[in-house]
Each structure stands twice: as structure tokens, then as C-alpha cells.
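Asker: This is the content of coords28.cif (mmCIF, C-alpha atoms and all ligand atoms):
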```
data_start
loop_
_atom_site.label_atom_id
_atom_site.label_comp_id
_atom_site.auth_asym_id
_atom_site.auth_seq_id
_atom_site.Cartn_x
_atom_site.Cartn_y
_atom_site.Cartn_z
CA MET A 1 -126.99 -88.13 -179.07
CA PRO A 2 -128.80 -91.36 -179.96
CA HIS A 3 -128.22 -92.56 -183.53
CA LEU A 4 -128.32 -95.62 -185.76
CA LEU A 5 -126.27 -96.65 -188.76
CA LEU A 6 -128.60 -98.43 -191.18
CA SER A 7 -128.02 -100.34 -194.40
CA ASP A 8 -129.30 -98.56 -197.51
CA HIS A 9 -133.06 -98.85 -197.83
CA LYS A 10 -136.10 -97.48 -199.66
CA GLN A 11 -137.97 -94.44 -198.40
CA ILE A 12 -140.90 -95.27 -196.12
CA SER A 13 -144.36 -94.18 -197.22
CA THR A 14 -146.08 -91.70 -194.95
CA PRO A 15 -148.26 -91.11 -193.04
CA THR A 16 -148.05 -94.38 -191.17
CA ILE A 17 -147.95 -95.69 -187.61
CA TYR A 18 -145.48 -98.34 -186.45
CA ASP A 19 -144.63 -99.58 -182.93
CA GLY A 20 -146.61 -96.70 -181.40
CA VAL A 21 -144.75 -94.05 -183.43
CA GLU A 22 -146.53 -91.91 -186.04
CA PHE A 23 -144.43 -91.08 -189.11
CA ASP A 24 -146.15 -87.99 -190.52
CA PHE A 25 -144.00 -87.05 -193.52
CA VAL A 26 -140.50 -87.10 -194.96
CA ALA A 27 -139.08 -83.83 -196.36
CA HIS A 28 -135.94 -83.66 -198.49
CA HIS A 29 -132.92 -81.43 -198.96
CA PRO A 30 -130.03 -82.51 -201.24
CA LEU A 31 -127.83 -83.21 -198.18
CA GLU A 32 -130.32 -84.90 -195.82
CA SER A 33 -133.97 -85.70 -195.15
CA LYS A 34 -136.13 -84.88 -192.15
CA ILE A 35 -138.65 -87.41 -190.88
CA ALA A 36 -141.48 -85.92 -188.80
CA VAL A 37 -142.55 -88.25 -185.99
CA LYS A 38 -145.01 -88.20 -183.10
CA THR A 39 -145.04 -90.41 -180.07
CA ASP A 40 -146.43 -90.03 -176.54
CA ASN A 41 -147.95 -86.69 -177.62
CA LYS A 42 -144.52 -85.23 -178.51
CA GLU A 43 -143.51 -84.27 -182.03
CA PHE A 44 -139.96 -84.05 -183.28
CA LEU A 45 -137.76 -84.63 -186.31
CA LEU A 46 -135.27 -87.33 -187.22
CA THR A 47 -132.42 -86.64 -189.65
CA LEU A 48 -131.54 -89.23 -192.28
CA LYS A 49 -128.37 -88.76 -194.33
CA ASN A 50 -125.98 -90.81 -196.44
CA LYS A 51 -122.86 -92.14 -194.76
CA ASP A 52 -120.60 -93.96 -197.24
CA ASN A 53 -122.95 -96.56 -198.72
CA ASN A 54 -125.17 -96.63 -195.65
CA LYS A 55 -127.60 -94.26 -193.91
CA LEU A 56 -127.14 -92.43 -190.63
CA LEU A 57 -130.34 -91.81 -188.64
CA LYS A 58 -130.31 -89.46 -185.66
CA LEU A 59 -132.42 -87.06 -183.66
CA ASP A 60 -132.59 -83.56 -185.17
CA THR A 61 -130.74 -81.41 -182.62
CA SER A 62 -132.95 -78.33 -183.11
CA THR A 63 -136.10 -80.26 -182.18
CA ARG A 64 -135.28 -81.46 -178.70
CA VAL A 65 -137.41 -84.09 -177.02
CA SER A 66 -137.53 -85.21 -173.44
CA PRO A 67 -137.13 -87.90 -172.20
CA VAL A 68 -134.49 -89.04 -174.67
CA SER A 69 -136.00 -92.55 -174.58
CA LEU A 70 -138.71 -91.21 -176.95
CA ALA A 71 -136.04 -90.44 -179.56
CA GLN A 72 -134.56 -93.91 -179.07
CA LYS A 73 -138.02 -95.45 -179.52
CA ALA A 74 -138.60 -93.48 -182.76
CA LEU A 75 -135.18 -94.40 -184.21
CA ASN A 76 -135.68 -98.12 -183.55
CA SER A 77 -139.25 -98.01 -184.81
CA TYR A 78 -138.05 -96.43 -188.06
CA ALA A 79 -135.39 -99.13 -188.48
CA ASN A 80 -138.02 -101.86 -188.05
CA LEU A 81 -140.46 -100.09 -190.37
CA CYS A 82 -138.01 -99.65 -193.25
CA GLY A 83 -136.58 -103.16 -192.80
CA ALA A 84 -132.93 -102.00 -192.92
CA ASN A 85 -130.15 -103.84 -191.08
CA ILE A 86 -128.90 -102.01 -188.01
CA LEU A 87 -125.11 -101.77 -188.45
CA PHE A 88 -124.49 -99.67 -185.35
CA SER A 89 -126.72 -98.48 -182.52
CA ASN A 90 -126.20 -96.45 -179.37
CA THR A 91 -129.87 -96.43 -178.46
CA GLN A 92 -129.75 -98.99 -175.65
CA PRO A 93 -131.43 -97.48 -172.60
CA LYS A 94 -128.79 -96.55 -170.04
CA THR A 95 -129.39 -97.05 -166.34
CA LYS A 96 -131.24 -93.96 -165.34
CA LYS A 97 -129.35 -91.48 -163.19
CA LEU A 98 -131.83 -90.05 -160.76
CA GLU A 99 -131.59 -86.27 -161.11
CA PRO A 100 -132.12 -84.44 -157.83
CA LYS A 101 -135.40 -82.53 -157.87
CA LYS A 102 -134.68 -78.90 -158.62
CA GLU A 103 -137.74 -77.35 -157.11
CA TYR A 104 -136.17 -73.91 -156.94
CA LEU A 105 -134.68 -73.91 -160.45
CA LYS A 106 -137.17 -72.79 -163.13
CA ASP A 107 -136.80 -72.54 -166.88
CA ILE A 108 -137.93 -69.58 -168.92
CA GLU A 109 -141.09 -71.38 -170.07
CA TYR A 110 -142.23 -71.23 -166.43
CA PHE A 111 -142.13 -67.42 -166.60
CA VAL A 112 -143.99 -67.45 -169.93
CA HIS A 113 -146.80 -69.82 -168.92
CA SER A 114 -147.04 -70.37 -165.16
CA PHE A 115 -145.51 -67.54 -163.13
CA SER A 116 -147.92 -65.45 -161.12
CA ILE A 117 -146.98 -62.75 -158.68
CA THR A 118 -148.00 -63.52 -155.14
CA LYS A 119 -145.24 -61.67 -153.23
CA ASP A 120 -142.98 -58.67 -153.56
CA ILE A 121 -140.05 -59.51 -155.80
CA TYR A 122 -136.31 -58.86 -155.55
CA ILE A 123 -134.07 -59.84 -158.48
CA GLU A 124 -130.33 -60.44 -158.38
CA VAL A 125 -128.40 -60.48 -161.67
CA GLY A 126 -125.34 -62.78 -161.81
CA PHE A 127 -125.47 -64.03 -158.22
CA GLY A 128 -122.20 -66.04 -158.49
CA SER A 129 -121.57 -67.80 -155.17
CA GLY A 130 -125.08 -66.76 -154.08
CA ARG A 131 -123.96 -65.24 -150.77
CA HIS A 132 -125.92 -62.03 -151.28
CA LEU A 133 -128.92 -63.83 -152.81
CA ILE A 134 -129.20 -66.19 -149.83
CA TYR A 135 -128.72 -63.32 -147.40
CA GLN A 136 -131.62 -61.44 -149.03
CA ALA A 137 -133.82 -64.56 -148.93
CA LEU A 138 -133.14 -65.09 -145.21
CA GLN A 139 -133.63 -61.41 -144.35
CA ASN A 140 -136.86 -61.16 -146.34
CA PRO A 141 -138.84 -64.39 -145.91
CA ASP A 142 -142.02 -62.64 -147.13
CA LYS A 143 -140.42 -61.71 -150.49
CA LEU A 144 -139.62 -63.79 -153.56
CA ILE A 145 -135.94 -63.54 -154.53
CA ILE A 146 -135.28 -64.36 -158.20
CA GLY A 147 -131.64 -65.10 -159.01
CA LEU A 148 -130.42 -64.91 -162.60
CA GLU A 149 -127.17 -66.65 -163.48
CA ILE A 150 -125.65 -68.08 -166.66
CA HIS A 151 -122.92 -70.15 -164.97
CA THR A 152 -124.41 -73.57 -164.22
CA PRO A 153 -121.91 -74.65 -161.48
CA SER A 154 -122.73 -71.45 -159.54
CA ILE A 155 -126.44 -72.30 -159.75
CA GLU A 156 -125.80 -75.85 -158.51
CA GLN A 157 -123.73 -74.54 -155.58
CA MET A 158 -126.33 -71.96 -154.63
CA LEU A 159 -129.16 -74.54 -154.78
CA LYS A 160 -127.23 -76.80 -152.39
CA GLN A 161 -127.26 -73.94 -149.87
CA VAL A 162 -130.99 -73.40 -150.46
CA LYS A 163 -131.58 -77.04 -149.55
CA LEU A 164 -129.23 -77.06 -146.56
CA GLN A 165 -130.77 -73.93 -145.09
CA ASN A 166 -134.40 -74.91 -145.93
CA ILE A 167 -134.92 -71.71 -147.91
CA THR A 168 -138.23 -71.63 -149.77
CA ASN A 169 -138.39 -68.10 -151.25
CA ILE A 170 -135.70 -68.31 -153.97
CA ILE A 171 -136.16 -69.07 -157.65
CA ALA A 172 -132.98 -69.52 -159.71
CA VAL A 173 -133.14 -69.08 -163.48
CA ASN A 174 -130.39 -70.06 -165.89
CA TYR A 175 -130.98 -67.23 -168.34
CA ASP A 176 -129.24 -64.15 -169.66
CA ALA A 177 -130.30 -61.26 -167.42
CA ARG A 178 -130.26 -58.86 -170.38
CA LEU A 179 -133.21 -60.74 -171.86
CA PHE A 180 -135.09 -61.88 -168.78
CA LEU A 181 -136.97 -58.75 -167.69
CA GLU A 182 -139.12 -58.89 -170.83
CA PHE A 183 -141.01 -61.79 -169.28
CA LEU A 184 -142.16 -59.82 -166.24
CA ASP A 185 -145.16 -57.54 -165.78
CA SER A 186 -144.65 -53.81 -165.43
CA ASN A 187 -144.50 -52.44 -161.87
CA SER A 188 -143.96 -55.86 -160.28
CA VAL A 189 -140.46 -55.71 -158.75
CA GLN A 190 -139.08 -53.84 -155.75
CA ARG A 191 -135.32 -54.17 -156.11
CA ILE A 192 -132.91 -55.30 -158.81
CA PHE A 193 -129.33 -55.96 -157.67
CA VAL A 194 -126.42 -56.06 -160.12
CA HIS A 195 -123.43 -56.73 -157.86
CA PHE A 196 -119.97 -56.82 -159.39
CA PRO A 197 -121.02 -57.60 -162.96
CA VAL A 198 -118.33 -58.84 -165.35
CA PRO A 199 -116.59 -55.57 -166.40
CA TRP A 200 -116.10 -56.55 -170.08
CA ASP A 201 -113.57 -53.72 -170.48
CA LYS A 202 -112.62 -54.88 -173.98
CA LYS A 203 -116.20 -55.72 -175.08
CA PRO A 204 -118.42 -53.11 -173.38
CA HIS A 205 -121.41 -54.10 -175.57
CA ARG A 206 -121.59 -57.34 -173.53
CA ARG A 207 -122.16 -55.52 -170.25
CA VAL A 208 -125.42 -56.19 -168.42
CA LEU A 209 -126.15 -52.49 -167.95
CA SER A 210 -127.23 -50.65 -171.10
CA ASP A 211 -129.92 -48.15 -172.06
CA GLU A 212 -132.23 -51.06 -172.91
CA PHE A 213 -131.59 -52.86 -169.61
CA ILE A 214 -132.16 -49.71 -167.55
CA ASN A 215 -135.35 -48.96 -169.48
CA GLU A 216 -136.67 -52.47 -168.92
CA SER A 217 -135.67 -52.29 -165.23
CA LEU A 218 -137.58 -49.02 -164.80
CA ARG A 219 -140.59 -50.61 -166.49
CA VAL A 220 -140.71 -53.68 -164.22
CA LEU A 221 -139.87 -51.73 -161.04
CA LYS A 222 -142.67 -50.42 -158.87
CA PRO A 223 -142.66 -46.69 -158.16
CA ASN A 224 -139.79 -46.17 -155.66
CA GLY A 225 -138.30 -49.52 -156.71
CA THR A 226 -134.53 -49.49 -157.28
CA LEU A 227 -131.93 -50.80 -159.71
CA GLU A 228 -128.71 -51.13 -157.71
CA LEU A 229 -125.29 -51.51 -159.30
CA ARG A 230 -122.27 -52.25 -157.10
CA THR A 231 -118.89 -52.35 -158.81
CA ASP A 232 -115.18 -52.13 -158.14
CA SER A 233 -114.44 -51.41 -161.81
CA ILE A 234 -113.69 -47.74 -162.47
CA LYS A 235 -114.43 -48.29 -166.16
CA TYR A 236 -117.85 -49.80 -165.41
CA PHE A 237 -118.56 -46.94 -163.03
CA GLU A 238 -117.59 -44.30 -165.62
CA TYR A 239 -119.63 -46.11 -168.28
CA THR A 240 -122.65 -46.09 -165.92
CA GLN A 241 -122.20 -42.34 -165.36
CA GLU A 242 -122.52 -41.91 -169.14
CA LEU A 243 -125.71 -44.03 -169.12
CA ILE A 244 -127.17 -41.89 -166.33
CA LYS A 245 -127.13 -38.92 -168.71
CA HIS A 246 -129.74 -40.70 -170.88
CA PHE A 247 -132.14 -40.93 -167.90
CA ALA A 248 -132.50 -37.29 -166.92
CA ASN A 249 -135.92 -37.86 -165.32
CA THR A 250 -134.79 -40.79 -163.18
CA PRO A 251 -133.34 -39.97 -159.75
CA THR A 252 -129.91 -41.56 -159.31
CA LYS A 253 -127.59 -41.76 -156.35
CA ILE A 254 -123.85 -42.54 -156.30
CA ILE A 255 -122.19 -43.75 -153.11
CA LYS A 256 -118.46 -44.46 -152.78
CA ASN A 257 -117.09 -47.17 -150.46
CA GLN A 258 -120.36 -47.90 -148.72
CA ASP A 259 -120.28 -50.85 -146.30
CA ILE A 260 -123.13 -53.32 -146.72
CA ASP A 261 -124.15 -56.14 -144.39
CA ILE A 262 -123.02 -58.94 -146.67
CA THR A 263 -119.90 -59.02 -148.81
CA SER A 264 -118.98 -61.47 -151.55
CA LYS A 265 -115.56 -63.11 -151.62
CA TYR A 266 -114.54 -60.73 -154.43
CA GLU A 267 -115.47 -57.73 -152.35
CA THR A 268 -113.49 -58.94 -149.32
CA ARG A 269 -110.43 -59.38 -151.56
CA TRP A 270 -110.77 -55.97 -153.18
CA LYS A 271 -111.31 -54.20 -149.89
CA LYS A 272 -108.08 -55.77 -148.58
CA GLN A 273 -106.34 -54.40 -151.69
CA GLY A 274 -107.69 -50.93 -150.89
CA LYS A 275 -109.81 -50.76 -154.05
CA ASP A 276 -112.71 -48.31 -154.29
CA ILE A 277 -116.25 -49.63 -154.61
CA TRP A 278 -119.14 -47.65 -156.10
CA ASP A 279 -122.88 -48.06 -155.70
CA VAL A 280 -125.07 -46.48 -158.36
CA ILE A 281 -128.79 -46.55 -157.59
CA PHE A 282 -131.56 -45.72 -160.06
CA THR A 283 -135.03 -45.13 -158.57
CA SER A 284 -138.18 -45.69 -160.57
CA THR A 285 -140.71 -42.90 -160.14
CA THR A 286 -143.43 -43.72 -162.62
CA LYS A 287 -146.11 -46.34 -162.93
CA ASP A 288 -145.71 -47.82 -166.40
CA ALA A 289 -148.48 -48.95 -168.67
CA LYS A 290 -149.17 -52.66 -168.23
CA ILE A 291 -147.10 -54.17 -170.99
CA LYS A 292 -147.08 -57.93 -171.10
CA ASN A 293 -145.71 -59.48 -174.19
CA GLN A 294 -148.78 -60.34 -176.26
CA TYR A 295 -147.22 -61.23 -179.55
CA ASP A 296 -149.00 -62.90 -182.44
CA PHE A 297 -146.75 -65.46 -184.13
CA ASN A 298 -149.27 -66.56 -186.76
CA PHE A 299 -148.72 -66.50 -190.51
CA GLU A 300 -151.87 -65.01 -191.99
CA ASN A 301 -151.15 -65.78 -195.66
CA ASN A 302 -150.45 -68.96 -197.58
CA ILE A 303 -147.70 -69.65 -200.07
CA ILE A 304 -148.31 -71.18 -203.44
CA SER A 305 -145.18 -73.24 -203.83
CA LEU A 306 -142.47 -74.16 -201.33
CA GLU A 307 -140.48 -75.62 -204.20
CA ASN A 308 -140.31 -72.31 -206.04
CA LEU A 309 -139.71 -70.19 -202.97
CA THR A 310 -136.24 -68.65 -203.17
CA LEU A 311 -135.13 -67.47 -199.78
CA PRO A 312 -132.18 -65.16 -199.09
CA ASN A 313 -129.17 -67.31 -198.21
CA LYS A 314 -127.34 -64.61 -196.25
CA PRO A 315 -128.39 -63.54 -192.74
CA MET A 316 -130.49 -60.36 -192.63
CA VAL A 317 -129.11 -58.32 -189.73
CA LYS A 318 -131.07 -55.46 -188.11
CA LYS A 319 -130.22 -53.32 -185.09
CA ASP A 320 -131.31 -55.73 -182.36
CA PHE A 321 -132.29 -58.93 -184.18
CA PHE A 322 -131.54 -61.01 -187.26
CA ILE A 323 -133.02 -63.74 -189.41
CA HIS A 324 -131.16 -66.42 -191.33
CA PHE A 325 -132.94 -68.88 -193.59
CA GLU A 326 -130.84 -72.04 -193.57
CA TYR A 327 -132.50 -74.83 -195.58
CA ARG A 328 -135.72 -75.84 -197.24
CA TYR A 329 -136.88 -79.45 -196.99
CA ILE A 330 -139.48 -80.40 -199.57
CA THR A 331 -142.09 -83.14 -199.29
CA ASP A 332 -143.91 -82.01 -202.38
CA LYS A 333 -144.79 -78.71 -204.07
CA SER A 334 -146.69 -77.12 -201.17
CA ASN A 335 -145.53 -79.19 -198.19
CA GLY A 336 -142.31 -79.37 -196.22
CA LEU A 337 -140.15 -77.47 -193.75
CA ILE A 338 -138.10 -74.28 -193.68
CA LYS A 339 -135.20 -74.29 -191.20
CA LEU A 340 -134.17 -70.89 -189.89
CA THR A 341 -132.30 -69.17 -187.07
CA PHE A 342 -133.53 -65.84 -185.76
CA GLY A 343 -134.07 -63.49 -182.83
CA SER A 344 -131.66 -61.61 -180.60
CA PHE A 345 -127.90 -61.89 -181.05
CA ASN A 346 -127.49 -63.08 -177.44
CA LYS A 347 -130.14 -65.77 -177.56
CA PRO A 348 -130.93 -66.81 -181.13
CA VAL A 349 -133.35 -69.63 -181.73
CA THR A 350 -133.30 -72.31 -184.44
CA LYS A 351 -136.74 -73.47 -185.49
CA TYR A 352 -138.61 -75.02 -188.37
CA ILE A 353 -141.59 -73.56 -190.15
CA LEU A 354 -143.97 -76.31 -191.16
CA VAL A 355 -145.63 -75.84 -194.56
CA GLN A 356 -148.83 -77.85 -195.00
CA ASP A 357 -150.88 -77.25 -198.14
CA GLY A 358 -149.29 -73.81 -198.37
CA LYS A 359 -150.20 -72.89 -194.74
CA LEU A 360 -147.33 -71.95 -192.45
CA SER A 361 -146.87 -72.57 -188.71
CA TYR A 362 -143.95 -73.04 -186.31
CA TYR A 363 -143.10 -76.71 -185.81
CA GLN A 364 -143.00 -77.73 -182.11
CA GLY A 365 -144.84 -74.59 -181.05
CA LEU A 366 -144.34 -70.86 -181.08
CA PRO A 367 -141.05 -69.09 -180.42
CA LEU A 368 -140.58 -67.53 -176.96
CA PRO A 369 -142.58 -64.31 -176.83
CA THR A 370 -139.70 -61.81 -176.87
CA SER A 371 -139.64 -58.53 -178.75
CA ALA A 372 -136.61 -59.68 -180.79
CA ASN A 373 -138.39 -62.89 -181.84
CA TYR A 374 -141.49 -60.92 -182.73
CA LYS A 375 -139.59 -58.42 -184.87
CA ALA A 376 -137.84 -61.35 -186.53
CA HIS A 377 -141.20 -63.05 -187.14
CA ASN A 378 -142.53 -59.96 -188.91
CA LEU A 379 -139.47 -59.80 -191.13
CA ILE A 380 -139.77 -63.54 -191.88
CA LYS A 381 -143.38 -62.95 -193.02
CA GLU A 382 -142.31 -59.99 -195.14
CA VAL A 383 -139.59 -62.00 -196.85
CA ILE A 384 -141.67 -65.14 -197.42
CA PHE A 385 -144.83 -63.45 -198.64
CA ASP A 386 -143.14 -60.81 -200.76
CA ILE A 387 -141.28 -63.31 -202.81
CA SER A 388 -143.66 -66.27 -202.97
C1 LIG B 1 -117.89 -61.20 -161.23
S1 LIG B 1 -119.18 -62.32 -160.89
C2 LIG B 1 -119.96 -61.60 -159.48
C3 LIG B 1 -120.78 -62.58 -158.73
C4 LIG B 1 -121.55 -62.03 -157.51
N1 LIG B 1 -122.54 -61.04 -157.88
C5 LIG B 1 -120.60 -61.48 -156.49
O1 LIG B 1 -120.69 -60.28 -156.19
O2 LIG B 1 -119.77 -62.25 -155.99
C6 LIG B 1 -120.36 -61.98 -162.20
C7 LIG B 1 -121.41 -63.10 -162.34
O3 LIG B 1 -122.38 -62.67 -163.30
C8 LIG B 1 -122.72 -63.78 -164.12
N2 LIG B 1 -123.21 -63.22 -165.40
C9 LIG B 1 -122.46 -62.61 -166.36
N3 LIG B 1 -123.25 -62.18 -167.37
C10 LIG B 1 -124.52 -62.50 -167.02
C11 LIG B 1 -125.78 -62.33 -167.66
N4 LIG B 1 -125.86 -61.71 -168.84
N5 LIG B 1 -126.89 -62.80 -167.04
C12 LIG B 1 -126.80 -63.43 -165.84
N6 LIG B 1 -125.63 -63.62 -165.20
C13 LIG B 1 -124.51 -63.17 -165.76
C14 LIG B 1 -121.44 -64.57 -164.22
O4 LIG B 1 -121.67 -65.93 -164.56
C15 LIG B 1 -120.85 -64.41 -162.83
O5 LIG B 1 -121.27 -65.42 -161.96
#
```
Would it be possible to restate this file's structure as C-alpha cells?
Answerer:
Amino acid sequence: MPHLLLSDHKQISTPTIYDGVEFDFVAHHPLESKIAVKTDNKEFLLTLKNKDNNKLLKLDTSTRVSPVSLAQKALNSYANLCGANILFSNTQPKTKKLEPKKEYLKDIEYFVHSFSITKDIYIEVGFGSGRHLIYQALQNPDKLIIGLEIHTPSIEQMLKQVKLQNITNIIAVNYDARLFLEFLDSNSVQRIFVHFPVPWDKKPHRRVLSDEFINESLRVLKPNGTLELRTDSIKYFEYTQELIKHFANTPTKIIKNQDIDITSKYETRWKKQGKDIWDVIFTSTTKDAKIKNQYDFNFENNIISLENLTLPNKPMVKKDFFIHFEYRYITDKSNGLIKLTFGSFNKPVTKYILVQDGKLSYYQGLPLPTSANYKAHNLIKEVIFDIS
């Protein structure tokens, strides 16, 4: 992380522009200050804190900026503007490593802003080595195969195969499968494969399959579309049988020791050991209402005083989301920042709320449009406006 150690110096006056960097405001907390900067159309925060008799200046880790050279530019510009001596710097540009183009790896923002359905879709959850994912892509060149995986080396390996075999109908996403389906339209997917998910025998709440996941799968599946679990874990199988009971109107099929055309290295090993393998298939029968996450993350009201706002210092935990107000940074009475962490337990987000003349908005843009973030947003509003 780029940072500078600076000699003690006076606070800069804002707003001002220096070396092509806009310094919008400085907001204070007893432990550190946040400096809001803009350069090359990107906004982010710098953190300034005391270190012995000097000051440490670094990029705020919750407000990421890319490329990192923009952060380096802002740090050096601040040092020149405040006239402090630079006692240590690691902001020298390094020789750029050319990252291979990852055409078939998309981030979640792509699904929020740019994804449009042009083909039938298959999804594989936790594709691991990618053997089954690649097989499906080769067998079904007219379909789009979306692979979800949280283990980065597996993604890298799989993408190498995609390149070697000139495959063009795979999209890999490094995202938790339990939260991904929310970003898809209803009735848009034909098959969802969950092959040999991590059994999580000691922590069953971490399993991919749950009532919520099955519900979301049935929503995104087309009528006759299928959610297909394949497992060698007797405990996972028994757990799934319990889940089936909650879906009385959904046809399900259980098949024991079915051979399929492609086997993963796990499966080959287990078959040699004489282990049983179960397939559990849920079939969607209904056409669901078109639900696409249209969440409003605005703050309709204003606050009178950020200074006098007392926020709960303990996390507020609800069934499937939480909010935790961390710090308040004050510029003056009705301006500054509120730092908070919120959303789902599996994918919480840390963001700042910008307070300008009592008006509130999310700094660096809105949170991802997920139901957990939206529920959290409503609770944040309730807390802030009830007590201001
Ligand atoms: C036991 S491996 C099975 C891999 C592959 N399906 C196979 O049959 O060889 C489970 C895979 O699921 C991935 N995984 C676990 N939890 C996940 C989640 N919530 N979302 C996406 N992938 C997940 C793991 O990283 C791992 O690669």
C-alpha cells in the first residue's frame, strides 16, 4: 500500500487544486483525518495520522482506486502542497507487470451494469479444476456457461484451459455463489450445477445449498430448468433431503451412483474407494414474476448536525444482515463522513456516507444492489434520522 512519512505540518486549506489533484475537504476523528481527493475523474480518501512526532499519509483501504498510480500521485501532491519534508516514501512507480487480459473473467459490477442475456445460460457453482465447466462449454457452444468460484488459483487454472482450447462461451466470476443469483433476471437460466460442494459437516450454515439458495435458483431458472446437486457426502445428501421437504410443490429426483460423461478428479478417487454418489435434481415448474433488483439507495432526509449525531457503537445484527457504525469524521457541524460496515454476513461492505450541508449520500457510489445491502440501508436511515 503506497504511503509517505511526513514531518509535522499545518492542515491544508480546502477546497484547493494542486498538481492536478483536487483536495475537496479534510474530516477529523480523534485518531486520524480523512482527506477527500479527486484526480483523473476518480474520487478517494487519504488517511493522515500521527506517527511519533511525524505524520503518516496513506491511501484509505476502504476507498480503493485503480490504477494505484493515482493514489501515489495524490500522496505526493499532498506532500508538496503542505510543504512537509518527506521522511519515507514507497510511492516510486514500479516497473509495470503486464497483466494478461482476462477477457473471460468478469467482476460483479459487470453483472450489475453490463450483462445482457443473449444465449441460454448454464451456471456451475464451485467449478474447482473446471473439468466439468469446460466439458459443458465444449458440448454446448450455443450456450453461455457461467462458472462461479471463490478460489482464485482454480480460476486462473481454468482460464488457461479456456485460452488453450479457444473456448469463447465461458464467463468465470470470483464471487460467492450464495449471493450471485440475486444479480440475474428471473426465468433466465436453464441449468445450475452444484457438483461436490464443500460438505461443511461441522458448519452446515456455510453450505451452498439452503432454503434461500434453492428459492433463488427456482426464481432464476426457466420453467423445466434444473438445479443439480451431485455429492459423495452422505451428510450433505441427508441435509438436502430435509431441504426438499420445504419445497413440496417442486418436483425432485434422487439418483444413486449415476454415471455421467465427465468426472472430476475427486469423483474418480471416490469411485475407486467404492463410495456412493448421489444426484439430487430440483426442477422449476413456474414462471416467476420479473424481479430485478431495483433498489433505491437515496437518503431522502437531511440531518441537522453531524457533530451531535450519536450513533450506536455496537453492531446491529438482524436475521440476514447487519449494520455497524464505525467512526464519524467531522469537517464542521454539518459536513463530514460516517464510516460504516453493513450488508450480508458473507459479503459485508465498508463504505462512507458523505454528509454535505446535512445531505447524505454514499461516497464513491452506491452499494451493490443486493437485498441485504438494501435492508441494511433502510435500517441505516432509520437509525440516523430517528436520532438526529
Ligand atoms: C470440493 S470442490 C469441488 C470442485 C468441483 N466441482 C469438482 O467436482 O471437482 C468445491 C469447490 O467449491 C468452491 N466453493 C466453495 N464455496 C463456494 C461458494 N460459496 N461459491 C463459489 N464457490 C465455492 C471451492 O473453492 C472449491 O473449488
Asker: Please, which residues are within 8 Å of (-145.8, -97.7, -178.3) by the file's coordinates, counting all atoms listed in the file, and could they come as a list in words?
Answerer: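 These residues have at least one counted atom within 8 Å: Asp19, Gly20, Val21, Thr39 and Asp40 of chain A.
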Asker: Counting all atoms listed in the file, what is within 9 Å of A:Asn224, bar same-chain residues fewer than 3 positions away, as a PDB file with C-alpha atoms, in the frame of the given file?
Answerer:
```pdb
ATOM      1  CA  GLN A 190    -139.080 -53.840-155.750  1.00  0.00           C
ATOM      2  CA  LEU A 221    -139.870 -51.730-161.040  1.00  0.00           C
ATOM      3  CA  THR A 283    -135.030 -45.130-158.570  1.00  0.00           C
ATOM      4  CA  SER A 284    -138.180 -45.690-160.570  1.00  0.00           C
ATOM      5  CA  THR A 285    -140.710 -42.900-160.140  1.00  0.00           C
ATOM      6  CA  THR A 286    -143.430 -43.720-162.620  1.00  0.00           C
TER       7      THR A 286
END
```
Asker: So which one's closest to A:Phe127, A:Lys351, A:Lys55, A:Lys73, A:Lys265? Using all atoms listed in the file, please.
Answerer: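 Distance minimum relative to A:Phe127 lands on A:Lys265.
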Asker: Write out as a list of chain:residue names each polymer residue whose atoms come within 6 Å of stretch 319-332 of chain A, counting all atoms listed in the file; drop sequence neighbours fewer than 3 positions from it.
Answerer: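 The neighbour list is A:Ala27, A:His28, A:His29, A:Pro315, A:Met316, A:Asn335, A:Gly336, A:Leu337, A:Ile338, A:Lys339, A:Leu340, A:Thr341, A:Phe342, A:Gly343, A:Ser344, A:Ala372.
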Asker: Set the cut-off to 6 Å, count all atoms listed in the file, and list whatever residues fall near ligand LIG 1 (chain B) as a PDB file with C-alpha atoms, in the frame of the given file.
Answerer:
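Printed below is selection-v1.pdb as written:
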```pdb
ATOM      1  CA  VAL A 125    -128.400 -60.480-161.670  1.00  0.00           C
ATOM      2  CA  GLY A 126    -125.340 -62.780-161.810  1.00  0.00           C
ATOM      3  CA  PHE A 127    -125.470 -64.030-158.220  1.00  0.00           C
ATOM      4  CA  GLY A 128    -122.200 -66.040-158.490  1.00  0.00           C
ATOM      5  CA  SER A 129    -121.570 -67.800-155.170  1.00  0.00           C
ATOM      6  CA  LEU A 148    -130.420 -64.910-162.600  1.00  0.00           C
ATOM      7  CA  GLU A 149    -127.170 -66.650-163.480  1.00  0.00           C
ATOM      8  CA  ILE A 150    -125.650 -68.080-166.660  1.00  0.00           C
ATOM      9  CA  HIS A 151    -122.920 -70.150-164.970  1.00  0.00           C
ATOM     10  CA  ASP A 176    -129.240 -64.150-169.660  1.00  0.00           C
ATOM     11  CA  ALA A 177    -130.300 -61.260-167.420  1.00  0.00           C
ATOM     12  CA  ARG A 178    -130.260 -58.860-170.380  1.00  0.00           C
ATOM     13  CA  HIS A 195    -123.430 -56.730-157.860  1.00  0.00           C
ATOM     14  CA  PHE A 196    -119.970 -56.820-159.390  1.00  0.00           C
ATOM     15  CA  PRO A 197    -121.020 -57.600-162.960  1.00  0.00           C
ATOM     16  CA  VAL A 198    -118.330 -58.840-165.350  1.00  0.00           C
ATOM     17  CA  VAL A 208    -125.420 -56.190-168.420  1.00  0.00           C
ATOM     18  CA  SER A 264    -118.980 -61.470-151.550  1.00  0.00           C
ATOM     19  CA  TYR A 266    -114.540 -60.730-154.430  1.00  0.00           C
TER      20      TYR A 266
END
```
Asker: Of the candidates A:Gly83, A:Pro348, A:Pro141, A:Pro312, which shows the shortest atom-to-atom distance to A:Tyr18, using all atoms listed in the file?
Answerer: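 With all atoms listed in the file as the atom set, the closest residue is A:Gly83.
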